[in-house]
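Below is upload_7.cif, holding mmCIF, C-alpha atoms, pLDDT in the B column; chains and numbers go by the auth columns.
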data_input
#
loop_
_atom_site.group_PDB
_atom_site.id
_atom_site.type_symbol
_atom_site.label_atom_id
_atom_site.label_comp_id
_atom_site.label_asym_id
_atom_site.label_seq_id
_atom_site.Cartn_x
_atom_site.Cartn_y
_atom_site.Cartn_z
_atom_site.B_iso_or_equiv
_atom_site.auth_seq_id
_atom_site.auth_asym_id
ATOM 1 C CA MET A 1 2.723 -10.252 -24.653 43.00 1 A
ATOM 2 C CA SER A 2 3.490 -12.659 -21.809 54.00 2 A
ATOM 3 C CA LEU A 3 6.244 -12.007 -19.323 61.00 3 A
ATOM 4 C CA THR A 4 8.550 -14.610 -17.866 57.00 4 A
ATOM 5 C CA PRO A 5 9.917 -13.147 -14.626 59.00 5 A
ATOM 6 C CA ALA A 6 13.248 -14.033 -13.149 66.00 6 A
ATOM 7 C CA VAL A 7 13.234 -16.058 -9.956 82.00 7 A
ATOM 8 C CA PRO A 8 11.440 -13.727 -7.524 87.00 8 A
ATOM 9 C CA GLU A 9 13.377 -12.263 -4.655 90.00 9 A
ATOM 10 C CA PRO A 10 12.941 -14.185 -1.407 91.00 10 A
ATOM 11 C CA VAL A 11 10.053 -13.174 0.834 93.00 11 A
ATOM 12 C CA THR A 12 11.944 -11.330 3.547 92.00 12 A
ATOM 13 C CA ALA A 13 10.924 -9.328 6.624 93.00 13 A
ATOM 14 C CA ASP A 14 13.838 -6.943 6.063 93.00 14 A
ATOM 15 C CA PRO A 15 14.523 -4.811 2.965 92.00 15 A
ATOM 16 C CA PRO A 16 16.830 -6.361 0.344 87.00 16 A
ATOM 17 C CA ARG A 17 18.120 -2.912 -0.684 83.00 17 A
ATOM 18 C CA SER A 18 19.143 0.302 1.045 83.00 18 A
ATOM 19 C CA THR A 19 18.053 3.865 0.236 79.00 19 A
ATOM 20 C CA PRO A 20 21.033 6.048 1.193 77.00 20 A
ATOM 21 C CA SER A 21 19.566 9.137 -0.524 81.00 21 A
ATOM 22 C CA PRO A 22 15.783 8.993 -0.082 86.00 22 A
ATOM 23 C CA LEU A 23 13.492 10.664 -2.569 85.00 23 A
ATOM 24 C CA LEU A 24 10.579 10.669 -0.110 87.00 24 A
ATOM 25 C CA THR A 25 10.200 10.025 3.612 92.00 25 A
ATOM 26 C CA GLN A 26 7.020 9.376 5.589 94.00 26 A
ATOM 27 C CA SER A 27 5.552 7.210 8.326 95.00 27 A
ATOM 28 C CA TRP A 28 2.675 4.768 8.062 97.00 28 A
ATOM 29 C CA LEU A 29 0.805 4.540 11.370 98.00 29 A
ATOM 30 C CA ASP A 30 -2.110 2.482 12.719 98.00 30 A
ATOM 31 C CA MET A 31 -2.076 0.097 9.764 98.00 31 A
ATOM 32 C CA ALA A 32 -4.990 -2.276 9.238 98.00 32 A
ATOM 33 C CA PHE A 33 -4.257 -4.971 6.634 98.00 33 A
ATOM 34 C CA LEU A 34 -7.249 -6.857 5.196 98.00 34 A
ATOM 35 C CA HIS A 35 -6.609 -9.449 2.479 98.00 35 A
ATOM 36 C CA TRP A 36 -8.683 -11.725 0.301 98.00 36 A
ATOM 37 C CA ALA A 37 -7.299 -14.573 -1.811 98.00 37 A
ATOM 38 C CA ALA A 38 -7.566 -14.146 -5.589 96.00 38 A
ATOM 39 C CA ASP A 39 -6.855 -16.113 -8.741 95.00 39 A
ATOM 40 C CA PRO A 40 -3.754 -14.665 -10.484 96.00 40 A
ATOM 41 C CA ALA A 41 -5.598 -14.880 -13.818 95.00 41 A
ATOM 42 C CA ASP A 42 -8.265 -12.484 -12.511 94.00 42 A
ATOM 43 C CA VAL A 43 -5.833 -9.726 -11.521 96.00 43 A
ATOM 44 C CA ALA A 44 -3.207 -10.095 -14.280 96.00 44 A
ATOM 45 C CA PRO A 45 -5.032 -7.740 -16.714 96.00 45 A
ATOM 46 C CA LEU A 46 -5.014 -4.991 -14.066 96.00 46 A
ATOM 47 C CA LEU A 47 -1.231 -4.901 -13.607 96.00 47 A
ATOM 48 C CA PRO A 48 1.233 -2.573 -15.373 94.00 48 A
ATOM 49 C CA ALA A 49 3.161 -3.787 -18.405 91.00 49 A
ATOM 50 C CA GLY A 50 6.278 -5.682 -17.414 90.00 50 A
ATOM 51 C CA THR A 51 4.728 -7.298 -14.327 94.00 51 A
ATOM 52 C CA VAL A 52 2.734 -10.405 -13.482 95.00 52 A
ATOM 53 C CA PRO A 53 0.816 -11.338 -10.327 97.00 53 A
ATOM 54 C CA ASP A 54 3.023 -12.278 -7.417 97.00 54 A
ATOM 55 C CA ALA A 55 1.681 -15.479 -5.899 96.00 55 A
ATOM 56 C CA LEU A 56 2.398 -17.627 -2.886 95.00 56 A
ATOM 57 C CA ASP A 57 1.574 -21.305 -3.368 95.00 57 A
ATOM 58 C CA GLY A 58 -0.339 -20.405 -6.527 94.00 58 A
ATOM 59 C CA VAL A 59 -2.534 -17.760 -4.875 97.00 59 A
ATOM 60 C CA THR A 60 -2.315 -13.980 -5.090 97.00 60 A
ATOM 61 C CA TYR A 61 -4.170 -11.460 -2.933 98.00 61 A
ATOM 62 C CA VAL A 62 -6.253 -8.306 -2.989 98.00 62 A
ATOM 63 C CA GLY A 63 -5.390 -5.949 -0.154 98.00 63 A
ATOM 64 C CA LEU A 64 -7.510 -3.268 1.516 98.00 64 A
ATOM 65 C CA VAL A 65 -5.149 -1.282 3.718 98.00 65 A
ATOM 66 C CA ALA A 66 -6.198 1.602 5.970 98.00 66 A
ATOM 67 C CA PHE A 67 -3.799 3.768 7.972 98.00 67 A
ATOM 68 C CA ARG A 68 -2.610 7.234 8.912 97.00 68 A
ATOM 69 C CA MET A 69 -0.022 8.826 6.639 95.00 69 A
ATOM 70 C CA HIS A 70 2.303 10.935 8.790 93.00 70 A
ATOM 71 C CA ARG A 71 4.621 13.761 7.736 86.00 71 A
ATOM 72 C CA ILE A 72 5.503 13.220 4.085 88.00 72 A
ATOM 73 C CA GLY A 73 8.868 14.809 3.373 81.00 73 A
ATOM 74 C CA TRP A 74 11.130 15.331 0.337 73.00 74 A
ATOM 75 C CA PHE A 75 14.747 14.149 0.391 71.00 75 A
ATOM 76 C CA ARG A 76 16.125 14.746 3.887 67.00 76 A
ATOM 77 C CA LEU A 77 13.887 17.713 4.690 62.00 77 A
ATOM 78 C CA PRO A 78 11.567 17.514 7.721 65.00 78 A
ATOM 79 C CA GLY A 79 8.167 16.023 7.006 62.00 79 A
ATOM 80 C CA ILE A 80 5.200 18.329 6.485 67.00 80 A
ATOM 81 C CA PRO A 81 2.947 18.298 9.575 71.00 81 A
ATOM 82 C CA TYR A 82 -0.446 19.254 8.082 61.00 82 A
ATOM 83 C CA LEU A 83 -0.508 18.688 4.326 74.00 83 A
ATOM 84 C CA GLY A 84 1.700 15.627 4.744 83.00 84 A
ATOM 85 C CA THR A 85 -0.436 14.023 7.456 93.00 85 A
ATOM 86 C CA PHE A 86 -3.812 12.439 6.688 95.00 86 A
ATOM 87 C CA PRO A 87 -5.838 9.205 6.741 97.00 87 A
ATOM 88 C CA GLU A 88 -5.491 6.931 3.723 98.00 88 A
ATOM 89 C CA THR A 89 -7.081 3.714 2.496 98.00 89 A
ATOM 90 C CA ASN A 90 -5.743 1.875 -0.526 98.00 90 A
ATOM 91 C CA VAL A 91 -6.689 -1.099 -2.666 98.00 91 A
ATOM 92 C CA ARG A 92 -3.604 -2.947 -3.816 98.00 92 A
ATOM 93 C CA LEU A 93 -2.425 -5.982 -5.743 98.00 93 A
ATOM 94 C CA TYR A 94 0.845 -7.907 -5.633 98.00 94 A
ATOM 95 C CA SER A 95 3.303 -7.967 -8.511 97.00 95 A
ATOM 96 C CA VAL A 96 6.677 -9.224 -9.647 96.00 96 A
ATOM 97 C CA ASP A 97 8.714 -8.002 -12.625 94.00 97 A
ATOM 98 C CA ALA A 98 11.224 -9.521 -15.033 91.00 98 A
ATOM 99 C CA HIS A 99 14.045 -8.781 -12.571 91.00 99 A
ATOM 100 C CA GLY A 100 12.320 -10.726 -9.808 93.00 100 A
ATOM 101 C CA ARG A 101 11.511 -7.584 -7.810 94.00 101 A
ATOM 102 C CA ARG A 102 8.366 -8.046 -5.742 95.00 102 A
ATOM 103 C CA GLY A 103 6.118 -5.054 -5.308 96.00 103 A
ATOM 104 C CA VAL A 104 2.621 -3.698 -4.963 98.00 104 A
ATOM 105 C CA VAL A 105 0.335 -2.160 -7.558 98.00 105 A
ATOM 106 C CA PHE A 106 -2.141 0.393 -6.294 98.00 106 A
ATOM 107 C CA ARG A 107 -5.574 0.302 -7.871 97.00 107 A
ATOM 108 C CA SER A 108 -6.799 3.224 -5.762 97.00 108 A
ATOM 109 C CA LEU A 109 -5.589 5.381 -2.878 97.00 109 A
ATOM 110 C CA ASP A 110 -8.183 7.402 -0.967 98.00 110 A
ATOM 111 C CA ALA A 111 -6.736 10.330 1.002 96.00 111 A
ATOM 112 C CA SER A 112 -8.260 13.279 2.839 96.00 112 A
ATOM 113 C CA ARG A 113 -5.906 16.077 1.692 94.00 113 A
ATOM 114 C CA LEU A 114 -6.649 17.497 -1.757 95.00 114 A
ATOM 115 C CA ILE A 115 -3.210 19.021 -2.487 92.00 115 A
ATOM 116 C CA PRO A 116 -1.272 15.756 -1.888 89.00 116 A
ATOM 117 C CA VAL A 117 -3.868 13.963 -4.032 94.00 117 A
ATOM 118 C CA ILE A 118 -3.284 16.365 -6.930 94.00 118 A
ATOM 119 C CA VAL A 119 0.509 16.189 -6.544 90.00 119 A
ATOM 120 C CA ALA A 120 0.516 12.369 -6.445 90.00 120 A
ATOM 121 C CA ARG A 121 -1.766 12.107 -9.475 93.00 121 A
ATOM 122 C CA THR A 122 0.274 14.633 -11.450 90.00 122 A
ATOM 123 C CA ALA A 123 3.857 13.896 -10.421 83.00 123 A
ATOM 124 C CA PHE A 124 3.692 10.124 -9.875 83.00 124 A
ATOM 125 C CA ARG A 125 0.637 9.105 -11.949 90.00 125 A
ATOM 126 C CA LEU A 126 -0.798 7.342 -8.909 93.00 126 A
ATOM 127 C CA PRO A 127 -4.576 6.767 -8.718 96.00 127 A
ATOM 128 C CA TYR A 128 -5.131 8.938 -5.638 96.00 128 A
ATOM 129 C CA VAL A 129 -8.646 10.185 -4.955 97.00 129 A
ATOM 130 C CA TRP A 130 -9.877 12.854 -2.574 97.00 130 A
ATOM 131 C CA SER A 131 -12.136 11.534 0.166 97.00 131 A
ATOM 132 C CA ARG A 132 -13.694 12.582 3.457 97.00 132 A
ATOM 133 C CA MET A 133 -11.907 10.347 5.992 97.00 133 A
ATOM 134 C CA ALA A 134 -11.334 9.734 9.692 97.00 134 A
ATOM 135 C CA VAL A 135 -9.460 7.334 11.976 98.00 135 A
ATOM 136 C CA ARG A 136 -10.897 6.946 15.487 98.00 136 A
ATOM 137 C CA HIS A 137 -9.623 5.048 18.525 97.00 137 A
ATOM 138 C CA SER A 138 -11.784 3.639 21.312 97.00 138 A
ATOM 139 C CA GLY A 139 -9.795 1.441 23.648 96.00 139 A
ATOM 140 C CA ASP A 140 -8.355 -1.394 21.563 96.00 140 A
ATOM 141 C CA THR A 141 -10.774 -0.723 18.679 98.00 141 A
ATOM 142 C CA ILE A 142 -9.818 1.405 15.662 98.00 142 A
ATOM 143 C CA THR A 143 -12.384 2.569 13.103 98.00 143 A
ATOM 144 C CA TYR A 144 -11.424 3.857 9.656 98.00 144 A
ATOM 145 C CA THR A 145 -14.072 5.646 7.580 98.00 145 A
ATOM 146 C CA GLY A 146 -14.024 7.276 4.171 97.00 146 A
ATOM 147 C CA THR A 147 -16.406 8.613 1.521 97.00 147 A
ATOM 148 C CA ARG A 148 -15.070 9.519 -1.902 96.00 148 A
ATOM 149 C CA ARG A 149 -15.304 13.094 -3.210 95.00 149 A
ATOM 150 C CA TRP A 150 -13.210 13.464 -6.392 92.00 150 A
ATOM 151 C CA PRO A 151 -12.687 12.269 -9.045 91.00 151 A
ATOM 152 C CA GLY A 152 -14.991 9.423 -8.176 79.00 152 A
ATOM 153 C CA PRO A 153 -16.932 7.345 -8.379 88.00 153 A
ATOM 154 C CA ARG A 154 -18.559 9.713 -5.907 86.00 154 A
ATOM 155 C CA GLY A 155 -20.025 7.963 -2.925 87.00 155 A
ATOM 156 C CA ALA A 156 -17.623 5.026 -2.987 95.00 156 A
ATOM 157 C CA HIS A 157 -16.964 4.377 0.686 96.00 157 A
ATOM 158 C CA SER A 158 -15.356 2.254 3.352 97.00 158 A
ATOM 159 C CA ARG A 159 -15.952 1.633 7.026 98.00 159 A
ATOM 160 C CA ILE A 160 -13.506 -0.733 8.692 98.00 160 A
ATOM 161 C CA ALA A 161 -13.351 -1.482 12.410 98.00 161 A
ATOM 162 C CA ILE A 162 -10.778 -3.796 13.976 98.00 162 A
ATOM 163 C CA ARG A 163 -9.909 -4.849 17.509 98.00 163 A
ATOM 164 C CA THR A 164 -6.160 -5.068 18.002 98.00 164 A
ATOM 165 C CA GLY A 165 -4.645 -8.107 19.675 97.00 165 A
ATOM 166 C CA GLU A 166 -1.337 -9.532 20.806 97.00 166 A
ATOM 167 C CA ARG A 167 1.999 -9.011 19.089 98.00 167 A
ATOM 168 C CA ILE A 168 2.975 -11.708 16.583 98.00 168 A
ATOM 169 C CA GLU A 169 6.418 -12.869 17.628 96.00 169 A
ATOM 170 C CA GLU A 170 7.092 -14.966 14.510 96.00 170 A
ATOM 171 C CA PRO A 171 4.950 -13.988 11.508 97.00 171 A
ATOM 172 C CA THR A 172 4.209 -16.665 8.951 97.00 172 A
ATOM 173 C CA GLU A 173 5.532 -16.589 5.396 96.00 173 A
ATOM 174 C CA LEU A 174 2.103 -15.399 4.226 97.00 174 A
ATOM 175 C CA GLU A 175 2.087 -12.540 6.767 98.00 175 A
ATOM 176 C CA HIS A 176 5.505 -11.412 5.546 97.00 176 A
ATOM 177 C CA PHE A 177 4.389 -11.830 1.917 97.00 177 A
ATOM 178 C CA LEU A 178 1.399 -9.524 2.451 98.00 178 A
ATOM 179 C CA THR A 179 3.181 -6.799 4.431 97.00 179 A
ATOM 180 C CA ALA A 180 6.916 -6.773 3.652 96.00 180 A
ATOM 181 C CA ARG A 181 6.788 -5.331 0.148 95.00 181 A
ATOM 182 C CA TRP A 182 9.903 -3.454 -0.887 96.00 182 A
ATOM 183 C CA GLY A 183 8.729 -1.518 -3.921 95.00 183 A
ATOM 184 C CA MET A 184 5.891 -0.274 -6.063 95.00 184 A
ATOM 185 C CA HIS A 185 5.261 -0.987 -9.733 96.00 185 A
ATOM 186 C CA ASN A 186 3.593 1.739 -11.750 94.00 186 A
ATOM 187 C CA THR A 187 3.406 3.216 -15.246 89.00 187 A
ATOM 188 C CA PHE A 188 4.801 6.706 -15.833 82.00 188 A
ATOM 189 C CA PHE A 189 3.943 8.343 -19.166 79.00 189 A
ATOM 190 C CA GLY A 190 3.482 4.904 -20.695 81.00 190 A
ATOM 191 C CA ARG A 191 6.720 3.463 -19.305 87.00 191 A
ATOM 192 C CA PRO A 192 6.902 0.980 -16.424 89.00 192 A
ATOM 193 C CA ILE A 193 8.835 2.062 -13.346 91.00 193 A
ATOM 194 C CA TYR A 194 9.727 0.515 -10.013 93.00 194 A
ATOM 195 C CA LEU A 195 9.911 2.731 -6.902 93.00 195 A
ATOM 196 C CA PRO A 196 11.830 0.987 -4.095 94.00 196 A
ATOM 197 C CA ASN A 197 11.237 1.565 -0.396 95.00 197 A
ATOM 198 C CA THR A 198 12.793 0.525 2.892 95.00 198 A
ATOM 199 C CA HIS A 199 11.560 0.504 6.469 96.00 199 A
ATOM 200 C CA PRO A 200 12.193 -1.390 9.701 95.00 200 A
ATOM 201 C CA ARG A 201 10.670 -4.809 10.183 96.00 201 A
ATOM 202 C CA TRP A 202 6.905 -4.553 10.697 97.00 202 A
ATOM 203 C CA PRO A 203 5.689 -4.924 14.291 97.00 203 A
ATOM 204 C CA LEU A 204 2.611 -7.048 13.498 98.00 204 A
ATOM 205 C CA HIS A 205 -0.348 -7.829 15.760 98.00 205 A
ATOM 206 C CA ARG A 206 -3.318 -10.126 15.500 97.00 206 A
ATOM 207 C CA ALA A 207 -6.583 -8.283 14.842 98.00 207 A
ATOM 208 C CA ASP A 208 -10.270 -9.155 14.857 98.00 208 A
ATOM 209 C CA LEU A 209 -12.450 -7.660 12.148 98.00 209 A
ATOM 210 C CA ILE A 210 -15.507 -6.101 13.765 98.00 210 A
ATOM 211 C CA GLU A 211 -16.953 -4.379 10.706 98.00 211 A
ATOM 212 C CA CYS A 212 -16.156 -4.090 7.011 97.00 212 A
ATOM 213 C CA ASP A 213 -18.604 -2.166 4.846 97.00 213 A
ATOM 214 C CA GLU A 214 -16.892 -1.050 1.659 97.00 214 A
ATOM 215 C CA ASP A 215 -17.152 -0.874 -2.098 96.00 215 A
ATOM 216 C CA LEU A 216 -13.644 0.416 -2.840 97.00 216 A
ATOM 217 C CA VAL A 217 -12.518 -2.984 -4.132 97.00 217 A
ATOM 218 C CA VAL A 218 -15.289 -3.066 -6.736 97.00 218 A
ATOM 219 C CA ALA A 219 -14.692 0.610 -7.579 96.00 219 A
ATOM 220 C CA ALA A 220 -11.060 -0.352 -8.277 96.00 220 A
ATOM 221 C CA GLY A 221 -12.179 -2.720 -11.029 95.00 221 A
ATOM 222 C CA LEU A 222 -11.975 -5.952 -9.038 95.00 222 A
ATOM 223 C CA PRO A 223 -14.643 -8.549 -8.284 94.00 223 A
ATOM 224 C CA GLU A 224 -16.529 -8.052 -5.038 93.00 224 A
ATOM 225 C CA PRO A 225 -14.751 -9.945 -2.227 93.00 225 A
ATOM 226 C CA VAL A 226 -16.482 -13.174 -1.258 90.00 226 A
ATOM 227 C CA GLY A 227 -16.628 -13.931 2.441 94.00 227 A
ATOM 228 C CA PRO A 228 -14.449 -12.510 5.199 96.00 228 A
ATOM 229 C CA PRO A 229 -10.798 -11.675 4.567 98.00 229 A
ATOM 230 C CA VAL A 230 -8.368 -14.576 4.921 98.00 230 A
ATOM 231 C CA SER A 231 -5.943 -12.346 6.834 98.00 231 A
ATOM 232 C CA VAL A 232 -6.526 -9.410 9.202 98.00 232 A
ATOM 233 C CA LEU A 233 -3.456 -7.782 10.730 98.00 233 A
ATOM 234 C CA TYR A 234 -2.605 -4.584 12.596 98.00 234 A
ATOM 235 C CA SER A 235 0.637 -2.664 13.017 98.00 235 A
ATOM 236 C CA PRO A 236 1.333 0.507 15.012 98.00 236 A
ATOM 237 C CA GLY A 237 3.493 1.511 12.046 97.00 237 A
ATOM 238 C CA VAL A 238 6.958 2.179 10.664 97.00 238 A
ATOM 239 C CA PRO A 239 8.989 5.066 9.200 95.00 239 A
ATOM 240 C CA VAL A 240 9.485 4.655 5.437 95.00 240 A
ATOM 241 C CA ARG A 241 12.061 5.843 2.897 93.00 241 A
ATOM 242 C CA PHE A 242 11.442 5.752 -0.859 92.00 242 A
ATOM 243 C CA GLY A 243 14.430 5.585 -3.183 90.00 243 A
ATOM 244 C CA ARG A 244 14.836 6.790 -6.762 84.00 244 A
ATOM 245 C CA PRO A 245 12.648 5.070 -9.359 84.00 245 A
ATOM 246 C CA ALA A 246 14.229 2.365 -11.492 73.00 246 A
ATOM 247 C CA ARG A 247 13.718 1.847 -15.211 56.00 247 A
ATOM 248 C CA PRO A 248 12.589 -1.496 -16.669 51.00 248 A
ATOM 249 C CA ASN A 249 16.255 -2.537 -17.039 50.00 249 A
ATOM 250 C CA GLY A 250 16.695 -2.199 -13.271 50.00 250 A
ATOM 251 C CA ILE A 251 18.966 0.859 -13.480 47.00 251 A
ATOM 252 C CA PRO A 252 17.920 3.860 -11.318 48.00 252 A
ATOM 253 C CA ALA A 253 16.598 6.804 -13.292 45.00 253 A
ATOM 254 C CA PRO A 254 18.694 9.986 -13.153 42.00 254 A
#
Structure translated into structure tokens:
Amino acid sequence: MSLTPAVPEPVTADPPRSTPSPLLTQSWLDMAFLHWAADPADVAPLLPAGTVPDALDGVTYVGLVAFRMHRIGWFRLPGIPYLGTFPETNVRLYSVDAHGRRGVVFRSLDASRLIPVIVARTAFRLPYVWSRMAVRHSGDTITYTGTRRWPGPRGAHSRIAIRTGERIEEPTELEHFLTARWGMHNTFFGRPIYLPNTHPRWPLHRADLIECDEDLVVAAGLPEPVGPPVSVLYSPGVPVRFGRPARPNGIPAP
């Protein structure tokens, strides 16, 4: 069944909603954003019910995003230093629902801590996978590596190296579109949900891609990327707050 979304929310660098009582808190640090252009028709079958590809000027994107998760916490409790801190690399798509809420859809999330992987798969039905991972700094170069362990496909891997550059004083609409995403669309026990988030405006930097050897995009059910990414960005990171999930009618779940 086709979906006709409402007029999508504006592409904004600042969150359109607040999260006065966060469900989850965390920080995303040393973010590397790699993006390839994609035809919306190619990614539409991979999105949850109730969403369609979010596009800018008729084009949607496949994102490969590597970073350091830092101190996941519940409600207003302090973040967990060890189990809540680990490297992560995700493959994501861009979505919009019938209420016009823009979001991301995760096709895979590789993380190096097994317990958070199990919790995320069980409690949130997110496609987390356990991987051997590392993030290494050498001057202005950051290298992100990962090799998948469980549940597979075993051996799926990524090696991304970027050289960070100058701060972007005025990001373009595309750069905001790819990074300032204020929610996540997912399916929970067969029902679509939307999990909102807020964080400060991204401090974005130019970045040069030195190396990208990966098969996570293909392992996530997408065509192999053709050519270099159309956008490579870096951010030192932001603190993030996730609010309560919303039902398809837009009303927060109890």
Inset, instruction - Give me, please, the distance in Å between CA of Leu109 (chain A) and CA of Ile168 (chain A), quoted to one decimal. - result: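 Answer for the CA of Leu109 (chain A) to CA of Ile168 (chain A) separation: 27.3 Å.
Between CA of Ala13 (chain A) and CA of Gly183 (chain A) there is a distance of 13.3 Å.
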Legend entry - Which of A:Thr19, A:Thr25, A:Thr85, A:Ser95 sits closest to Pro116 (chain A) [using all atoms listed in the file]: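 Looking only at the distances to Pro116 (chain A), the closest residue turns out to be A:Thr85.
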List the neighbours of region 228-239 of chain A out to 7 Å using all atoms listed in the file; skip same-chain residues closer than 4 positions along the sequence, and give me the result as a PDB file with C-alpha atoms, keeping the file's coordinate frame.
ATOM      1  CA  GLN A  26       7.020   9.376   5.589  1.00 94.00           C
ATOM      2  CA  SER A  27       5.552   7.210   8.326  1.00 95.00           C
ATOM      3  CA  TRP A  28       2.675   4.768   8.062  1.00 97.00           C
ATOM      4  CA  LEU A  29       0.805   4.540  11.370  1.00 98.00           C
ATOM      5  CA  ASP A  30      -2.110   2.482  12.719  1.00 98.00           C
ATOM      6  CA  MET A  31      -2.076   0.097   9.764  1.00 98.00           C
ATOM      7  CA  ALA A  32      -4.990  -2.276   9.238  1.00 98.00           C
ATOM      8  CA  PHE A  33      -4.257  -4.971   6.634  1.00 98.00           C
ATOM      9  CA  LEU A  34      -7.249  -6.857   5.196  1.00 98.00           C
ATOM     10  CA  HIS A  35      -6.609  -9.449   2.479  1.00 98.00           C
ATOM     11  CA  TRP A  36      -8.683 -11.725   0.301  1.00 98.00           C
ATOM     12  CA  ALA A  37      -7.299 -14.573  -1.811  1.00 98.00           C
ATOM     13  CA  THR A 164      -6.160  -5.068  18.002  1.00 98.00           C
ATOM     14  CA  HIS A 199      11.560   0.504   6.469  1.00 96.00           C
ATOM     15  CA  PRO A 200      12.193  -1.390   9.701  1.00 95.00           C
ATOM     16  CA  TRP A 202       6.905  -4.553  10.697  1.00 97.00           C
ATOM     17  CA  PRO A 203       5.689  -4.924  14.291  1.00 97.00           C
ATOM     18  CA  LEU A 204       2.611  -7.048  13.498  1.00 98.00           C
ATOM     19  CA  HIS A 205      -0.348  -7.829  15.760  1.00 98.00           C
ATOM     20  CA  ARG A 206      -3.318 -10.126  15.500  1.00 97.00           C
ATOM     21  CA  ALA A 207      -6.583  -8.283  14.842  1.00 98.00           C
ATOM     22  CA  ASP A 208     -10.270  -9.155  14.857  1.00 98.00           C
ATOM     23  CA  LEU A 209     -12.450  -7.660  12.148  1.00 98.00           C
TER      24      LEU A 209
END
Inset, instruction - Run the PyMOL selection byres ((chain A and resi 127) around 10) against the file shown and list the residues it catches, as a list in words. - result: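 Going through the file, the PyMOL selection byres ((chain A and resi 127) around 10) ends up selecting Asn90, Phe106, Arg107, Ser108, Leu109, Asp110, Val117, Ile118, Ala120, Arg121, Thr122, Phe124, Arg125, Leu126, Tyr128, Val129, Pro151 and Ala220 of chain A.
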Please complete region 157-161 of chain A so it has all heavy atoms, and hand it over as a PDB file, in the coordinates of the input.
ATOM      1  N   HIS A 157     -17.180   4.175  -0.742  1.00 96.00           N
ATOM      2  CA  HIS A 157     -16.964   4.377   0.686  1.00 96.00           C
ATOM      3  C   HIS A 157     -16.297   3.159   1.322  1.00 96.00           C
ATOM      4  O   HIS A 157     -16.244   2.071   0.728  1.00 96.00           O
ATOM      5  CB  HIS A 157     -18.302   4.626   1.384  1.00 96.00           C
ATOM      6  CG  HIS A 157     -19.176   3.403   1.400  1.00 96.00           C
ATOM      7  ND1 HIS A 157     -19.918   3.014   0.305  1.00 96.00           N
ATOM      8  CD2 HIS A 157     -19.390   2.456   2.357  1.00 96.00           C
ATOM      9  CE1 HIS A 157     -20.572   1.897   0.593  1.00 96.00           C
ATOM     10  NE2 HIS A 157     -20.270   1.526   1.826  1.00 96.00           N
ATOM     11  N   SER A 158     -15.855   3.364   2.538  1.00 97.00           N
ATOM     12  CA  SER A 158     -15.356   2.254   3.352  1.00 97.00           C
ATOM     13  C   SER A 158     -15.565   2.580   4.823  1.00 97.00           C
ATOM     14  O   SER A 158     -15.449   3.742   5.243  1.00 97.00           O
ATOM     15  CB  SER A 158     -13.865   1.987   3.078  1.00 97.00           C
ATOM     16  OG  SER A 158     -13.075   3.086   3.480  1.00 97.00           O
ATOM     17  N   ARG A 159     -15.891   1.553   5.570  1.00 98.00           N
ATOM     18  CA  ARG A 159     -15.952   1.633   7.026  1.00 98.00           C
ATOM     19  C   ARG A 159     -15.381   0.324   7.559  1.00 98.00           C
ATOM     20  O   ARG A 159     -15.985  -0.740   7.370  1.00 98.00           O
ATOM     21  CB  ARG A 159     -17.368   1.864   7.532  1.00 98.00           C
ATOM     22  CG  ARG A 159     -17.454   1.955   9.069  1.00 98.00           C
ATOM     23  CD  ARG A 159     -18.863   2.222   9.568  1.00 98.00           C
ATOM     24  NE  ARG A 159     -18.911   2.220  11.020  1.00 98.00           N
ATOM     25  CZ  ARG A 159     -18.651   3.268  11.787  1.00 98.00           C
ATOM     26  NH1 ARG A 159     -18.343   4.433  11.218  1.00 98.00           N
ATOM     27  NH2 ARG A 159     -18.698   3.184  13.098  1.00 98.00           N
ATOM     28  N   ILE A 160     -14.223   0.430   8.182  1.00 98.00           N
ATOM     29  CA  ILE A 160     -13.506  -0.733   8.692  1.00 98.00           C
ATOM     30  C   ILE A 160     -13.288  -0.536  10.185  1.00 98.00           C
ATOM     31  O   ILE A 160     -12.820   0.527  10.610  1.00 98.00           O
ATOM     32  CB  ILE A 160     -12.142  -0.892   7.998  1.00 98.00           C
ATOM     33  CG1 ILE A 160     -12.319  -1.042   6.483  1.00 98.00           C
ATOM     34  CG2 ILE A 160     -11.361  -2.070   8.573  1.00 98.00           C
ATOM     35  CD1 ILE A 160     -11.027  -0.819   5.717  1.00 98.00           C
ATOM     36  N   ALA A 161     -13.613  -1.533  10.971  1.00 98.00           N
ATOM     37  CA  ALA A 161     -13.351  -1.482  12.410  1.00 98.00           C
ATOM     38  C   ALA A 161     -12.639  -2.767  12.805  1.00 98.00           C
ATOM     39  O   ALA A 161     -13.095  -3.867  12.469  1.00 98.00           O
ATOM     40  CB  ALA A 161     -14.636  -1.311  13.202  1.00 98.00           C
TER      41      ALA A 161
END
